[in-house]
Every structure is written in C-alpha cells, then in structure tokens.
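Chemist: What follows is a structure written as structure tokens; I'll ask about it next.
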Amino acid sequence: MENMVILKIFYLIFIALLLNTAKADEVPIPEFLGETVKYKDPYRGELVLGERTPKELKFWFRTMGGGYHQCHMAGAATSKDNETYRYARVEQRNEKNLFCSLSVIVLDNSVVLIDENNQCKAISCGQRASINGAVFHRVK
C-alpha cells in the first residue's frame with residue numbers, strides 16, 4: 001500500500017513537470033501597433049503579421065505537428081524584396097551556436113515560411129513540429 005502511495009505521488013509530480021515543460025517554449029502574441037493581418041493553416045497553426053514597412057515586417061506564428069508538438073516564434077524580419085522578408089537569430093545550445101535563418105514570403109492571400117537550414121526548428125520547435133514549407137492562408 002505504501003508503494004502505491006509513493007508511486008501515485010511520483011506520477012503526479014511527473015505529470016506536473018511535463019505540463020510545465022510543454023508550455024515553457026510558448027511565445028505569446030506580441031502587442032502590435034496598428035492593424036494586424038491573421039492567417040491560419042489547415043493544421044490549426046496561426047500566423048499574425050503586424051507592422052509592415054518597406055524595410056521591416058513584424059510577425060508571430062505557431063505551427064502544429066504530430067502529438068501536439070508546436071513551433072512558436074515572433075520577431076521582426078528585414079525586407080529582401082517586395083514580398084520576401086528575412087529573420088535571423090543566433091542561439092547557443094549545448095555549447096554550439098545555432099543560426100536560424102527564416103524567410104517570410106508574403107503573397108496576396110497567403111504567407112509561406114522557409115526555414116533555410118532547419119536551425120529555426122531546432123531553436124523554436126517541439127520534436128515532431130516543423131516550420132519549413134508552412135503555408136498560411138488569410139482569414140477573412
């Protein structure tokens with residue numbers, strides 16, 4: 001009987017830690033200035049575009065993968081041309097520098113994300129989620 005109580009306590013602690021860890025990497029939607037444009041993908045992913053100038057685009061997105069694994073990212077991307085913006089970030093993990101290079105391609109009614117070296121996935125995603133090739137369609 002005593003072993004069952006210990007096992008139940010261990011199980012509850014494990015579940016609490018697991019739930020806490022699952023939410024640790026979430027990036028909340030920032031407060032954008034002015035009007036935002038919202039997009040969705042077929043897998044319950046979301047993307048929000050905030051301020052957009054000829055030089056910069058502010059964004060936030062969440063993609064969904066298998067087993068509810070997710071990617072979250074927010075930032076400001078620099079314009080490469082009229083429709084393509086580039087976001088770059090370096091993060092150190094396990095004594096290695098990971099260089100995230102993300103292209104945000106804004107078309108008429110959709111946005112495409114290209115994770116150029118899959119390092120954005122390594123920085124911002126759960127194991128079964130991804131960014132590269134995600135396509136979001138404008139919400140009407």
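By order of appearance in the structure tokens: chains A, B, ..., then residues from 1 within every chain, and ligands from 1 in the order shown.
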Taking the chain letters and numbering used in this document, name the residues of chain A that DSSP puts in strand (DSSP E), as a count of residues only.

Modeler: 61

Chemist: Env of Glu91 in chain A: 10 Å cut, atoms = only C-alpha atoms, seq-sep filter 4 positions within chain, self excluded. Answer as a list in words.

Modeler: Glu95, Lys96, Asn97, Leu98, Phe99, Cys100, Gln119, Cys120, Ala122 and Ile123 of chain A

Chemist: Name the residues in contact with Thr36 in chain A at a cut-off of 7 Å, using only C-alpha atoms, excluding same-chain residues fewer than 6 positions from it; report them as a list in words.

Modeler: Val48, Leu49 and Gly50 of chain A

Chemist: Neighbouring residues of Val106 in chain A were defined as those with any atom within 7 Å, considering only C-alpha atoms; residues of the same chain fewer than 6 positions away were excluded. Please report them as a list in words.

Modeler: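 Contacts, in chain order: Glu83, Thr84 and Val112 of chain A.
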
Chemist: One number please: CA of Gln127 in chain A to CA of His72 in chain A, in Å, one decimal.

Modeler: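 CA of His72 in chain A lies 12.6 Å from CA of Gln127 in chain A.
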
Chemist: Closest to Ile114 in chain A among A:Val139, A:Ala88, A:Leu33, A:Leu102, using only C-alpha atoms?

Modeler: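 Of A:Val139, A:Ala88, A:Leu33, A:Leu102, the one nearest Ile114 in chain A is A:Leu102, counting only C-alpha atoms.
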
Chemist: Using only C-alpha atoms, which protein or nucleic acid residues come within 8 Å of Tyr43 in chain A? Drop anything in the same chain fewer than 4 positions from it, and give the result as number ranges by chain.

Modeler: A: 63-65
